[in-house]
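For reference, the structure is listed below as structure tokens.
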Amino acid sequence: LPGFLETLPVNVAERTDDFDERVPLDLPPGFILIGEQIALVQVEIGPIETSITISLPVEIEGVGLGLYSYPSPERVNLILSGPAELLDTLKPEDVRAVVDVQDLTIGTYQLEPQVIVLPEGLTWEPPNPSVIEVVITATPHPTATPSS
């Protein structure tokens, strides 16, 4: 006899929660089991877990009056993990990478972005890159003007 015995198949269609079911054993041909030929099978139902990588714009908050801020790089990558059903329904506004520059004056700073994830049940790795250079200045960057 092998080191284990199998049961007949357990139907999990339409099941959404954990359950216990008594299932007959599937004995190999020619074998007879003395006593009960049923096993208690415990089935745990859980969401399919997966991960995705998303690219987020770096948002700057708390810039002082009359000051301008410029992050470098302007985007970070973030690996989110959790139930596939939840990841599939993410909206752009559900996940943010924010750098708070409140109380900072003109200068160049190395700051870590904070990740804000609105849906419960997701986990994430630190953003890549994990440090953003933020330049705070009193003058706006020149914008390209179309040539005639």
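Please note that chains go A, B, ... in the order of the structure tokens, that every chain numbers its residues from 1, and that ligands are numbered from 1 in the order shown.
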Please identify all polymer residues within 7 Å of Arg22 (chain A), counting only C-alpha atoms, omitting same-chain residues fewer than 6 positions from it, and present them as a compact mmCIF listing (two decimals) with all heavy atoms, in the first residue's frame.
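Now in around32.txt:
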```txt
# COMPACT_ATOMS: atom_id res chain seq x y z
N ILE A 38 -14.21 6.42 5.04
CA ILE A 38 -14.51 7.83 4.74
C ILE A 38 -13.51 8.70 5.49
O ILE A 38 -13.12 8.40 6.63
CB ILE A 38 -15.96 8.17 5.17
CG1 ILE A 38 -16.92 7.39 4.28
CG2 ILE A 38 -16.21 9.66 5.12
CD1 ILE A 38 -18.35 7.80 4.35
N ALA A 39 -13.07 9.76 4.84
CA ALA A 39 -12.14 10.71 5.45
C ALA A 39 -12.82 12.06 5.58
O ALA A 39 -13.64 12.44 4.74
CB ALA A 39 -10.88 10.83 4.61
N LEU A 40 -12.45 12.78 6.63
CA LEU A 40 -12.93 14.15 6.79
C LEU A 40 -11.93 15.06 6.07
O LEU A 40 -10.75 15.12 6.43
CB LEU A 40 -13.03 14.54 8.26
CG LEU A 40 -13.46 15.98 8.52
CD1 LEU A 40 -14.88 16.22 8.00
CD2 LEU A 40 -13.37 16.31 10.00
N VAL A 41 -12.40 15.73 5.03
CA VAL A 41 -11.54 16.62 4.24
C VAL A 41 -11.87 18.05 4.64
O VAL A 41 -13.04 18.45 4.65
CB VAL A 41 -11.79 16.40 2.73
CG1 VAL A 41 -10.97 17.39 1.91
CG2 VAL A 41 -11.46 14.98 2.33
```
Please provide as an NGL selection string all residues within 10 Å of Ser69 (chain A), with the sequence filter that same-chain residues fewer than 5 positions apart are discarded (counting only C-alpha atoms). :A and (60-64 or 101 or 106-108 or 134-141)
Per DSSP on the backbone, what are the strand (DSSP E) residues of chain A, as a PDB file with N, CA, C and O atoms, in the first residue's frame?
```pdb
ATOM      1  N   GLU A   6      -5.813   8.391  -1.391  1.00  0.00           N
ATOM      2  CA  GLU A   6      -6.550   9.522  -1.941  1.00  0.00           C
ATOM      3  C   GLU A   6      -8.027   9.358  -1.643  1.00  0.00           C
ATOM      4  O   GLU A   6      -8.500   8.265  -1.331  1.00  0.00           O
ATOM      5  N   THR A   7      -8.741  10.469  -1.760  1.00  0.00           N
ATOM      6  CA  THR A   7     -10.203  10.426  -1.625  1.00  0.00           C
ATOM      7  C   THR A   7     -10.795  10.586  -3.023  1.00  0.00           C
ATOM      8  O   THR A   7     -10.085  10.930  -3.975  1.00  0.00           O
ATOM      9  N   PHE A  19     -14.750  24.881   4.184  1.00  0.00           N
ATOM     10  CA  PHE A  19     -15.751  23.888   4.566  1.00  0.00           C
ATOM     11  C   PHE A  19     -15.090  22.549   4.849  1.00  0.00           C
ATOM     12  O   PHE A  19     -13.951  22.310   4.455  1.00  0.00           O
ATOM     13  N   ASP A  20     -15.801  21.711   5.584  1.00  0.00           N
ATOM     14  CA  ASP A  20     -15.398  20.328   5.870  1.00  0.00           C
ATOM     15  C   ASP A  20     -16.396  19.418   5.162  1.00  0.00           C
ATOM     16  O   ASP A  20     -17.584  19.730   5.097  1.00  0.00           O
ATOM     17  N   GLU A  21     -15.878  18.307   4.640  1.00  0.00           N
ATOM     18  CA  GLU A  21     -16.760  17.355   3.975  1.00  0.00           C
ATOM     19  C   GLU A  21     -16.234  15.943   4.195  1.00  0.00           C
ATOM     20  O   GLU A  21     -15.032  15.710   4.124  1.00  0.00           O
ATOM     21  N   ARG A  22     -17.147  15.039   4.455  1.00  0.00           N
ATOM     22  CA  ARG A  22     -16.786  13.629   4.601  1.00  0.00           C
ATOM     23  C   ARG A  22     -16.803  13.018   3.203  1.00  0.00           C
ATOM     24  O   ARG A  22     -17.811  13.081   2.509  1.00  0.00           O
ATOM     25  N   VAL A  23     -15.668  12.420   2.794  1.00  0.00           N
ATOM     26  CA  VAL A  23     -15.493  11.937   1.427  1.00  0.00           C
ATOM     27  C   VAL A  23     -15.001  10.489   1.466  1.00  0.00           C
ATOM     28  O   VAL A  23     -14.087  10.162   2.227  1.00  0.00           O
ATOM     29  N   PRO A  24     -15.565   9.624   0.621  1.00  0.00           N
ATOM     30  CA  PRO A  24     -15.094   8.238   0.559  1.00  0.00           C
ATOM     31  C   PRO A  24     -13.644   8.163   0.079  1.00  0.00           C
ATOM     32  O   PRO A  24     -13.203   8.968  -0.743  1.00  0.00           O
ATOM     33  N   LEU A  25     -12.912   7.173   0.605  1.00  0.00           N
ATOM     34  CA  LEU A  25     -11.541   6.941   0.158  1.00  0.00           C
ATOM     35  C   LEU A  25     -11.551   6.283  -1.208  1.00  0.00           C
ATOM     36  O   LEU A  25     -12.452   5.518  -1.553  1.00  0.00           O
ATOM     37  N   ASP A  26     -10.533   6.574  -2.009  1.00  0.00           N
ATOM     38  CA  ASP A  26     -10.378   5.974  -3.332  1.00  0.00           C
ATOM     39  C   ASP A  26      -9.291   4.906  -3.213  1.00  0.00           C
ATOM     40  O   ASP A  26      -8.112   5.178  -3.435  1.00  0.00           O
ATOM     41  N   ILE A  38     -14.212   6.424   5.037  1.00  0.00           N
ATOM     42  CA  ILE A  38     -14.515   7.829   4.741  1.00  0.00           C
ATOM     43  C   ILE A  38     -13.505   8.699   5.493  1.00  0.00           C
ATOM     44  O   ILE A  38     -13.119   8.402   6.627  1.00  0.00           O
ATOM     45  N   ALA A  39     -13.073   9.760   4.835  1.00  0.00           N
ATOM     46  CA  ALA A  39     -12.136  10.706   5.454  1.00  0.00           C
ATOM     47  C   ALA A  39     -12.815  12.063   5.582  1.00  0.00           C
ATOM     48  O   ALA A  39     -13.636  12.444   4.735  1.00  0.00           O
ATOM     49  N   LEU A  40     -12.454  12.785   6.626  1.00  0.00           N
ATOM     50  CA  LEU A  40     -12.933  14.154   6.785  1.00  0.00           C
ATOM     51  C   LEU A  40     -11.930  15.061   6.068  1.00  0.00           C
ATOM     52  O   LEU A  40     -10.754  15.116   6.428  1.00  0.00           O
ATOM     53  N   VAL A  41     -12.397  15.730   5.032  1.00  0.00           N
ATOM     54  CA  VAL A  41     -11.544  16.617   4.238  1.00  0.00           C
ATOM     55  C   VAL A  41     -11.868  18.049   4.637  1.00  0.00           C
ATOM     56  O   VAL A  41     -13.036  18.454   4.646  1.00  0.00           O
ATOM     57  N   GLN A  42     -10.827  18.815   4.967  1.00  0.00           N
ATOM     58  CA  GLN A  42     -10.997  20.222   5.318  1.00  0.00           C
ATOM     59  C   GLN A  42     -10.462  21.051   4.157  1.00  0.00           C
ATOM     60  O   GLN A  42      -9.294  20.926   3.778  1.00  0.00           O
ATOM     61  N   VAL A  43     -11.329  21.882   3.580  1.00  0.00           N
ATOM     62  CA  VAL A  43     -10.970  22.683   2.420  1.00  0.00           C
ATOM     63  C   VAL A  43     -10.961  24.151   2.825  1.00  0.00           C
ATOM     64  O   VAL A  43     -11.930  24.643   3.402  1.00  0.00           O
ATOM     65  N   GLU A  49      -3.696  35.082  -4.918  1.00  0.00           N
ATOM     66  CA  GLU A  49      -2.770  36.176  -4.620  1.00  0.00           C
ATOM     67  C   GLU A  49      -1.835  36.379  -5.809  1.00  0.00           C
ATOM     68  O   GLU A  49      -1.368  35.420  -6.419  1.00  0.00           O
ATOM     69  N   THR A  50      -1.578  37.630  -6.137  1.00  0.00           N
ATOM     70  CA  THR A  50      -0.677  37.955  -7.235  1.00  0.00           C
ATOM     71  C   THR A  50      -0.005  39.284  -6.942  1.00  0.00           C
ATOM     72  O   THR A  50      -0.239  39.887  -5.893  1.00  0.00           O
ATOM     73  N   SER A  51       0.834  39.732  -7.853  1.00  0.00           N
ATOM     74  CA  SER A  51       1.464  41.042  -7.681  1.00  0.00           C
ATOM     75  C   SER A  51       1.565  41.728  -9.037  1.00  0.00           C
ATOM     76  O   SER A  51       1.564  41.078 -10.080  1.00  0.00           O
ATOM     77  N   ILE A  52       1.619  43.044  -8.981  1.00  0.00           N
ATOM     78  CA  ILE A  52       1.784  43.856 -10.191  1.00  0.00           C
ATOM     79  C   ILE A  52       2.792  44.959  -9.893  1.00  0.00           C
ATOM     80  O   ILE A  52       2.992  45.329  -8.734  1.00  0.00           O
ATOM     81  N   THR A  53       3.406  45.465 -10.938  1.00  0.00           N
ATOM     82  CA  THR A  53       4.293  46.620 -10.810  1.00  0.00           C
ATOM     83  C   THR A  53       3.615  47.786 -11.505  1.00  0.00           C
ATOM     84  O   THR A  53       3.157  47.649 -12.647  1.00  0.00           O
ATOM     85  N   ILE A  54       3.532  48.901 -10.798  1.00  0.00           N
ATOM     86  CA  ILE A  54       2.928  50.096 -11.390  1.00  0.00           C
ATOM     87  C   ILE A  54       3.921  51.250 -11.314  1.00  0.00           C
ATOM     88  O   ILE A  54       4.798  51.276 -10.453  1.00  0.00           O
ATOM     89  N   SER A  55       3.773  52.191 -12.231  1.00  0.00           N
ATOM     90  CA  SER A  55       4.596  53.392 -12.251  1.00  0.00           C
ATOM     91  C   SER A  55       3.723  54.549 -11.773  1.00  0.00           C
ATOM     92  O   SER A  55       2.624  54.759 -12.303  1.00  0.00           O
ATOM     93  N   LEU A  56       4.218  55.254 -10.765  1.00  0.00           N
ATOM     94  CA  LEU A  56       3.432  56.346 -10.172  1.00  0.00           C
ATOM     95  C   LEU A  56       4.140  57.682 -10.337  1.00  0.00           C
ATOM     96  O   LEU A  56       5.358  57.762 -10.169  1.00  0.00           O
ATOM     97  N   PRO A  57       3.386  58.742 -10.600  1.00  0.00           N
ATOM     98  CA  PRO A  57       4.011  60.062 -10.580  1.00  0.00           C
ATOM     99  C   PRO A  57       4.312  60.449  -9.127  1.00  0.00           C
ATOM    100  O   PRO A  57       3.558  60.103  -8.218  1.00  0.00           O
ATOM    101  N   VAL A  58       5.421  61.129  -8.919  1.00  0.00           N
ATOM    102  CA  VAL A  58       5.766  61.609  -7.580  1.00  0.00           C
ATOM    103  C   VAL A  58       4.994  62.903  -7.344  1.00  0.00           C
ATOM    104  O   VAL A  58       5.126  63.859  -8.118  1.00  0.00           O
ATOM    105  N   GLU A  59       4.185  62.913  -6.298  1.00  0.00           N
ATOM    106  CA  GLU A  59       3.401  64.098  -5.947  1.00  0.00           C
ATOM    107  C   GLU A  59       4.134  64.846  -4.838  1.00  0.00           C
ATOM    108  O   GLU A  59       4.576  64.240  -3.868  1.00  0.00           O
ATOM    109  N   ILE A  60       4.241  66.158  -4.986  1.00  0.00           N
ATOM    110  CA  ILE A  60       4.879  66.994  -3.973  1.00  0.00           C
ATOM    111  C   ILE A  60       3.789  67.736  -3.217  1.00  0.00           C
ATOM    112  O   ILE A  60       2.932  68.378  -3.826  1.00  0.00           O
ATOM    113  N   GLU A  61       3.808  67.631  -1.898  1.00  0.00           N
ATOM    114  CA  GLU A  61       2.829  68.331  -1.059  1.00  0.00           C
ATOM    115  C   GLU A  61       3.552  69.265  -0.099  1.00  0.00           C
ATOM    116  O   GLU A  61       4.667  68.986   0.331  1.00  0.00           O
ATOM    117  N   TYR A  68       8.592  76.772  -5.793  1.00  0.00           N
ATOM    118  CA  TYR A  68       8.323  75.738  -6.785  1.00  0.00           C
ATOM    119  C   TYR A  68       9.159  74.509  -6.433  1.00  0.00           C
ATOM    120  O   TYR A  68      10.263  74.640  -5.902  1.00  0.00           O
ATOM    121  N   SER A  69       8.626  73.343  -6.748  1.00  0.00           N
ATOM    122  CA  SER A  69       9.381  72.124  -6.438  1.00  0.00           C
ATOM    123  C   SER A  69       9.444  71.232  -7.669  1.00  0.00           C
ATOM    124  O   SER A  69       8.499  71.181  -8.469  1.00  0.00           O
ATOM    125  N   TYR A  70      10.572  70.525  -7.780  1.00  0.00           N
ATOM    126  CA  TYR A  70      10.806  69.654  -8.923  1.00  0.00           C
ATOM    127  C   TYR A  70      11.430  68.347  -8.442  1.00  0.00           C
ATOM    128  O   TYR A  70      12.566  68.340  -7.955  1.00  0.00           O
ATOM    129  N   PRO A  71      10.677  67.249  -8.569  1.00  0.00           N
ATOM    130  CA  PRO A  71      11.231  65.958  -8.153  1.00  0.00           C
ATOM    131  C   PRO A  71      12.062  65.318  -9.271  1.00  0.00           C
ATOM    132  O   PRO A  71      11.798  65.526 -10.453  1.00  0.00           O
ATOM    133  N   SER A  72      13.053  64.566  -8.864  1.00  0.00           N
ATOM    134  CA  SER A  72      13.836  63.800  -9.819  1.00  0.00           C
ATOM    135  C   SER A  72      14.168  62.456  -9.192  1.00  0.00           C
ATOM    136  O   SER A  72      14.793  62.427  -8.128  1.00  0.00           O
ATOM    137  N   ARG A  75       8.854  59.885 -11.522  1.00  0.00           N
ATOM    138  CA  ARG A  75       8.018  58.688 -11.325  1.00  0.00           C
ATOM    139  C   ARG A  75       8.800  57.663 -10.517  1.00  0.00           C
ATOM    140  O   ARG A  75      10.022  57.626 -10.562  1.00  0.00           O
ATOM    141  N   VAL A  76       8.045  56.833  -9.774  1.00  0.00           N
ATOM    142  CA  VAL A  76       8.635  55.696  -9.061  1.00  0.00           C
ATOM    143  C   VAL A  76       7.863  54.435  -9.442  1.00  0.00           C
ATOM    144  O   VAL A  76       6.703  54.501  -9.846  1.00  0.00           O
ATOM    145  N   ASN A  77       8.522  53.299  -9.324  1.00  0.00           N
ATOM    146  CA  ASN A  77       7.857  52.014  -9.556  1.00  0.00           C
ATOM    147  C   ASN A  77       7.514  51.399  -8.214  1.00  0.00           C
ATOM    148  O   ASN A  77       8.278  51.516  -7.250  1.00  0.00           O
ATOM    149  N   LEU A  78       6.374  50.733  -8.172  1.00  0.00           N
ATOM    150  CA  LEU A  78       5.899  50.143  -6.932  1.00  0.00           C
ATOM    151  C   LEU A  78       5.340  48.759  -7.230  1.00  0.00           C
ATOM    152  O   LEU A  78       4.565  48.583  -8.171  1.00  0.00           O
ATOM    153  N   ILE A  79       5.758  47.768  -6.432  1.00  0.00           N
ATOM    154  CA  ILE A  79       5.225  46.415  -6.558  1.00  0.00           C
ATOM    155  C   ILE A  79       4.143  46.243  -5.510  1.00  0.00           C
ATOM    156  O   ILE A  79       4.404  46.358  -4.313  1.00  0.00           O
ATOM    157  N   LEU A  80       2.913  45.992  -5.980  1.00  0.00           N
ATOM    158  CA  LEU A  80       1.768  45.757  -5.104  1.00  0.00           C
ATOM    159  C   LEU A  80       1.432  44.277  -5.129  1.00  0.00           C
ATOM    160  O   LEU A  80       1.471  43.649  -6.186  1.00  0.00           O
ATOM    161  N   SER A  81       1.090  43.719  -3.973  1.00  0.00           N
ATOM    162  CA  SER A  81       0.689  42.312  -3.883  1.00  0.00           C
ATOM    163  C   SER A  81      -0.627  42.216  -3.144  1.00  0.00           C
ATOM    164  O   SER A  81      -0.905  43.005  -2.237  1.00  0.00           O
ATOM    165  N   GLY A  82      -1.424  41.210  -3.534  1.00  0.00           N
ATOM    166  CA  GLY A  82      -2.697  40.994  -2.865  1.00  0.00           C
ATOM    167  C   GLY A  82      -3.622  40.176  -3.740  1.00  0.00           C
ATOM    168  O   GLY A  82      -3.206  39.619  -4.760  1.00  0.00           O
ATOM    169  N   PRO A  83      -4.892  40.123  -3.345  1.00  0.00           N
ATOM    170  CA  PRO A  83      -5.866  39.358  -4.127  1.00  0.00           C
ATOM    171  C   PRO A  83      -5.976  39.900  -5.554  1.00  0.00           C
ATOM    172  O   PRO A  83      -6.092  41.111  -5.760  1.00  0.00           O
ATOM    173  N   VAL A  95      -3.654  54.628  -5.554  1.00  0.00           N
ATOM    174  CA  VAL A  95      -2.273  54.460  -5.081  1.00  0.00           C
ATOM    175  C   VAL A  95      -1.497  55.725  -5.427  1.00  0.00           C
ATOM    176  O   VAL A  95      -1.528  56.192  -6.564  1.00  0.00           O
ATOM    177  N   ARG A  96      -0.782  56.262  -4.424  1.00  0.00           N
ATOM    178  CA  ARG A  96      -0.032  57.508  -4.627  1.00  0.00           C
ATOM    179  C   ARG A  96       1.348  57.406  -4.001  1.00  0.00           C
ATOM    180  O   ARG A  96       1.538  56.711  -3.008  1.00  0.00           O
ATOM    181  N   ALA A  97       2.297  58.132  -4.591  1.00  0.00           N
ATOM    182  CA  ALA A  97       3.641  58.295  -4.015  1.00  0.00           C
ATOM    183  C   ALA A  97       3.797  59.786  -3.722  1.00  0.00           C
ATOM    184  O   ALA A  97       3.820  60.607  -4.638  1.00  0.00           O
ATOM    185  N   VAL A  98       3.891  60.121  -2.442  1.00  0.00           N
ATOM    186  CA  VAL A  98       3.849  61.526  -2.025  1.00  0.00           C
ATOM    187  C   VAL A  98       5.133  61.886  -1.265  1.00  0.00           C
ATOM    188  O   VAL A  98       5.593  61.132  -0.413  1.00  0.00           O
ATOM    189  N   VAL A  99       5.670  63.055  -1.602  1.00  0.00           N
ATOM    190  CA  VAL A  99       6.810  63.613  -0.869  1.00  0.00           C
ATOM    191  C   VAL A  99       6.326  64.900  -0.226  1.00  0.00           C
ATOM    192  O   VAL A  99       5.832  65.797  -0.908  1.00  0.00           O
ATOM    193  N   ASP A 100       6.467  64.980   1.091  1.00  0.00           N
ATOM    194  CA  ASP A 100       6.020  66.161   1.837  1.00  0.00           C
ATOM    195  C   ASP A 100       7.210  67.090   2.053  1.00  0.00           C
ATOM    196  O   ASP A 100       8.206  66.698   2.662  1.00  0.00           O
ATOM    197  N   GLY A 107      16.348  74.935  -1.767  1.00  0.00           N
ATOM    198  CA  GLY A 107      17.480  74.025  -1.650  1.00  0.00           C
ATOM    199  C   GLY A 107      17.194  72.709  -2.356  1.00  0.00           C
ATOM    200  O   GLY A 107      16.154  72.534  -2.993  1.00  0.00           O
ATOM    201  N   THR A 108      18.122  71.782  -2.209  1.00  0.00           N
ATOM    202  CA  THR A 108      17.994  70.455  -2.810  1.00  0.00           C
ATOM    203  C   THR A 108      17.960  69.432  -1.686  1.00  0.00           C
ATOM    204  O   THR A 108      18.811  69.460  -0.788  1.00  0.00           O
ATOM    205  N   TYR A 109      17.018  68.537  -1.739  1.00  0.00           N
ATOM    206  CA  TYR A 109      16.788  67.584  -0.657  1.00  0.00           C
ATOM    207  C   TYR A 109      16.680  66.163  -1.201  1.00  0.00           C
ATOM    208  O   TYR A 109      16.203  65.950  -2.310  1.00  0.00           O
ATOM    209  N   GLN A 110      17.115  65.216  -0.418  1.00  0.00           N
ATOM    210  CA  GLN A 110      16.943  63.788  -0.713  1.00  0.00           C
ATOM    211  C   GLN A 110      15.852  63.289   0.237  1.00  0.00           C
ATOM    212  O   GLN A 110      16.067  63.227   1.446  1.00  0.00           O
ATOM    213  N   LEU A 111      14.697  62.931  -0.316  1.00  0.00           N
ATOM    214  CA  LEU A 111      13.540  62.585   0.504  1.00  0.00           C
ATOM    215  C   LEU A 111      12.949  61.243   0.079  1.00  0.00           C
ATOM    216  O   LEU A 111      12.988  60.879  -1.098  1.00  0.00           O
ATOM    217  N   GLN A 114       6.350  58.733   0.463  1.00  0.00           N
ATOM    218  CA  GLN A 114       5.421  57.920   1.239  1.00  0.00           C
ATOM    219  C   GLN A 114       4.425  57.303   0.277  1.00  0.00           C
ATOM    220  O   GLN A 114       3.938  57.966  -0.633  1.00  0.00           O
ATOM    221  N   VAL A 115       4.141  56.027   0.489  1.00  0.00           N
ATOM    222  CA  VAL A 115       3.176  55.335  -0.360  1.00  0.00           C
ATOM    223  C   VAL A 115       1.827  55.357   0.337  1.00  0.00           C
ATOM    224  O   VAL A 115       1.720  55.027   1.518  1.00  0.00           O
ATOM    225  N   ILE A 116       0.806  55.761  -0.401  1.00  0.00           N
ATOM    226  CA  ILE A 116      -0.561  55.776   0.115  1.00  0.00           C
ATOM    227  C   ILE A 116      -1.372  54.829  -0.755  1.00  0.00           C
ATOM    228  O   ILE A 116      -1.493  55.039  -1.964  1.00  0.00           O
ATOM    229  N   VAL A 117      -1.876  53.757  -0.139  1.00  0.00           N
ATOM    230  CA  VAL A 117      -2.688  52.774  -0.857  1.00  0.00           C
ATOM    231  C   VAL A 117      -4.054  52.752  -0.193  1.00  0.00           C
ATOM    232  O   VAL A 117      -4.171  52.428   0.984  1.00  0.00           O
ATOM    233  N   THR A 123      -0.470  44.740   0.001  1.00  0.00           N
ATOM    234  CA  THR A 123       0.841  45.031   0.579  1.00  0.00           C
ATOM    235  C   THR A 123       1.726  45.550  -0.546  1.00  0.00           C
ATOM    236  O   THR A 123       1.411  45.382  -1.725  1.00  0.00           O
ATOM    237  N   TRP A 124       2.851  46.177  -0.183  1.00  0.00           N
ATOM    238  CA  TRP A 124       3.731  46.721  -1.202  1.00  0.00           C
ATOM    239  C   TRP A 124       5.165  46.719  -0.715  1.00  0.00           C
ATOM    240  O   TRP A 124       5.453  46.717   0.481  1.00  0.00           O
ATOM    241  N   ILE A 132      14.011  60.312  -3.488  1.00  0.00           N
ATOM    242  CA  ILE A 132      13.744  61.272  -4.569  1.00  0.00           C
ATOM    243  C   ILE A 132      14.500  62.557  -4.261  1.00  0.00           C
ATOM    244  O   ILE A 132      14.469  63.044  -3.128  1.00  0.00           O
ATOM    245  N   GLU A 133      15.166  63.084  -5.275  1.00  0.00           N
ATOM    246  CA  GLU A 133      15.795  64.393  -5.106  1.00  0.00           C
ATOM    247  C   GLU A 133      14.749  65.452  -5.432  1.00  0.00           C
ATOM    248  O   GLU A 133      14.116  65.390  -6.496  1.00  0.00           O
ATOM    249  N   VAL A 134      14.547  66.360  -4.509  1.00  0.00           N
ATOM    250  CA  VAL A 134      13.567  67.434  -4.712  1.00  0.00           C
ATOM    251  C   VAL A 134      14.304  68.764  -4.637  1.00  0.00           C
ATOM    252  O   VAL A 134      14.983  69.057  -3.648  1.00  0.00           O
ATOM    253  N   VAL A 135      14.173  69.534  -5.707  1.00  0.00           N
ATOM    254  CA  VAL A 135      14.745  70.876  -5.746  1.00  0.00           C
ATOM    255  C   VAL A 135      13.614  71.855  -5.490  1.00  0.00           C
ATOM    256  O   VAL A 135      12.579  71.811  -6.162  1.00  0.00           O
ATOM    257  N   ILE A 136      13.828  72.714  -4.485  1.00  0.00           N
ATOM    258  CA  ILE A 136      12.856  73.768  -4.181  1.00  0.00           C
ATOM    259  C   ILE A 136      13.512  75.086  -4.555  1.00  0.00           C
ATOM    260  O   ILE A 136      14.650  75.376  -4.139  1.00  0.00           O
ATOM    261  N   THR A 137      12.799  75.852  -5.363  1.00  0.00           N
ATOM    262  CA  THR A 137      13.362  77.098  -5.878  1.00  0.00           C
ATOM    263  C   THR A 137      12.291  78.195  -5.852  1.00  0.00           C
ATOM    264  O   THR A 137      11.104  77.901  -5.715  1.00  0.00           O
TER     265      THR A 137
END
```
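Separating CA of Gln102 (chain A) from CA of Ser130 (chain A) is a distance of 19.2 Å.
Reported to one decimal place, the separation of CA of Leu86 (chain A) from CA of Leu118 (chain A) is 11.2 Å.
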Select, from A:Ile32, A:Ala13, A:Leu104, A:Leu8, the residue with the minimum atom-to-atom distance to Leu67 (chain A), counting only C-alpha atoms. A:Leu104
I'd like the contact shell of region 44-46 of chain A - 7 Å cut-off, only C-alpha atoms, skipping same-chain residues fewer than 3 positions apart - returned as a PyMOL selection string. chain A and resi 16-19
Could you pull out all residues of region 53-105 of chain A with a DSSP call of alpha helix (DSSP H) and give them as a PDB file with all heavy atoms, in the first residue's frame?
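And here's out_13.pdb as it stands now:
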```
ATOM      1  N   ALA A  84      -5.950  38.989  -6.531  1.00  0.00           N
ATOM      2  CA  ALA A  84      -6.028  39.387  -7.944  1.00  0.00           C
ATOM      3  C   ALA A  84      -7.279  40.212  -8.207  1.00  0.00           C
ATOM      4  O   ALA A  84      -7.237  41.199  -8.952  1.00  0.00           O
ATOM      5  CB  ALA A  84      -5.998  38.147  -8.835  1.00  0.00           C
ATOM      6  N   GLU A  85      -8.383  39.835  -7.582  1.00  0.00           N
ATOM      7  CA  GLU A  85      -9.645  40.552  -7.785  1.00  0.00           C
ATOM      8  C   GLU A  85      -9.518  42.024  -7.384  1.00  0.00           C
ATOM      9  O   GLU A  85     -10.044  42.910  -8.043  1.00  0.00           O
ATOM     10  CB  GLU A  85     -10.735  39.863  -6.957  1.00  0.00           C
ATOM     11  CG  GLU A  85     -12.102  40.488  -7.083  1.00  0.00           C
ATOM     12  CD  GLU A  85     -13.126  39.723  -6.261  1.00  0.00           C
ATOM     13  OE1 GLU A  85     -13.526  38.627  -6.683  1.00  0.00           O
ATOM     14  OE2 GLU A  85     -13.506  40.239  -5.187  1.00  0.00           O
ATOM     15  N   LEU A  86      -8.778  42.297  -6.300  1.00  0.00           N
ATOM     16  CA  LEU A  86      -8.586  43.663  -5.834  1.00  0.00           C
ATOM     17  C   LEU A  86      -7.617  44.421  -6.747  1.00  0.00           C
ATOM     18  O   LEU A  86      -7.851  45.576  -7.099  1.00  0.00           O
ATOM     19  CB  LEU A  86      -8.063  43.638  -4.392  1.00  0.00           C
ATOM     20  CG  LEU A  86      -8.036  44.920  -3.609  1.00  0.00           C
ATOM     21  CD1 LEU A  86      -9.390  45.608  -3.606  1.00  0.00           C
ATOM     22  CD2 LEU A  86      -7.606  44.652  -2.180  1.00  0.00           C
ATOM     23  N   LEU A  87      -6.530  43.761  -7.147  1.00  0.00           N
ATOM     24  CA  LEU A  87      -5.553  44.413  -8.019  1.00  0.00           C
ATOM     25  C   LEU A  87      -6.163  44.737  -9.379  1.00  0.00           C
ATOM     26  O   LEU A  87      -5.831  45.759  -9.981  1.00  0.00           O
ATOM     27  CB  LEU A  87      -4.320  43.530  -8.194  1.00  0.00           C
ATOM     28  CG  LEU A  87      -3.439  43.390  -6.946  1.00  0.00           C
ATOM     29  CD1 LEU A  87      -2.363  42.344  -7.178  1.00  0.00           C
ATOM     30  CD2 LEU A  87      -2.818  44.722  -6.560  1.00  0.00           C
ATOM     31  N   ASP A  88      -7.060  43.895  -9.857  1.00  0.00           N
ATOM     32  CA  ASP A  88      -7.684  44.108 -11.166  1.00  0.00           C
ATOM     33  C   ASP A  88      -8.611  45.317 -11.179  1.00  0.00           C
ATOM     34  O   ASP A  88      -8.918  45.846 -12.247  1.00  0.00           O
ATOM     35  CB  ASP A  88      -8.476  42.869 -11.605  1.00  0.00           C
ATOM     36  CG  ASP A  88      -7.571  41.706 -11.977  1.00  0.00           C
ATOM     37  OD1 ASP A  88      -6.359  41.934 -12.181  1.00  0.00           O
ATOM     38  OD2 ASP A  88      -8.075  40.569 -12.051  1.00  0.00           O
TER      39      ASP A  88
END
```
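Considering the residues A:Leu5, A:Leu27, A:Val10, A:Leu122 and counting only C-alpha atoms, Leu90 (chain A) has its shortest atom-to-atom contact with A:Leu122.
Here the question is which of A:Asp94, A:Glu36, A:Ile48, A:Phe31 gets nearest to Glu120 (chain A) using only C-alpha atoms, and that residue is A:Asp94.
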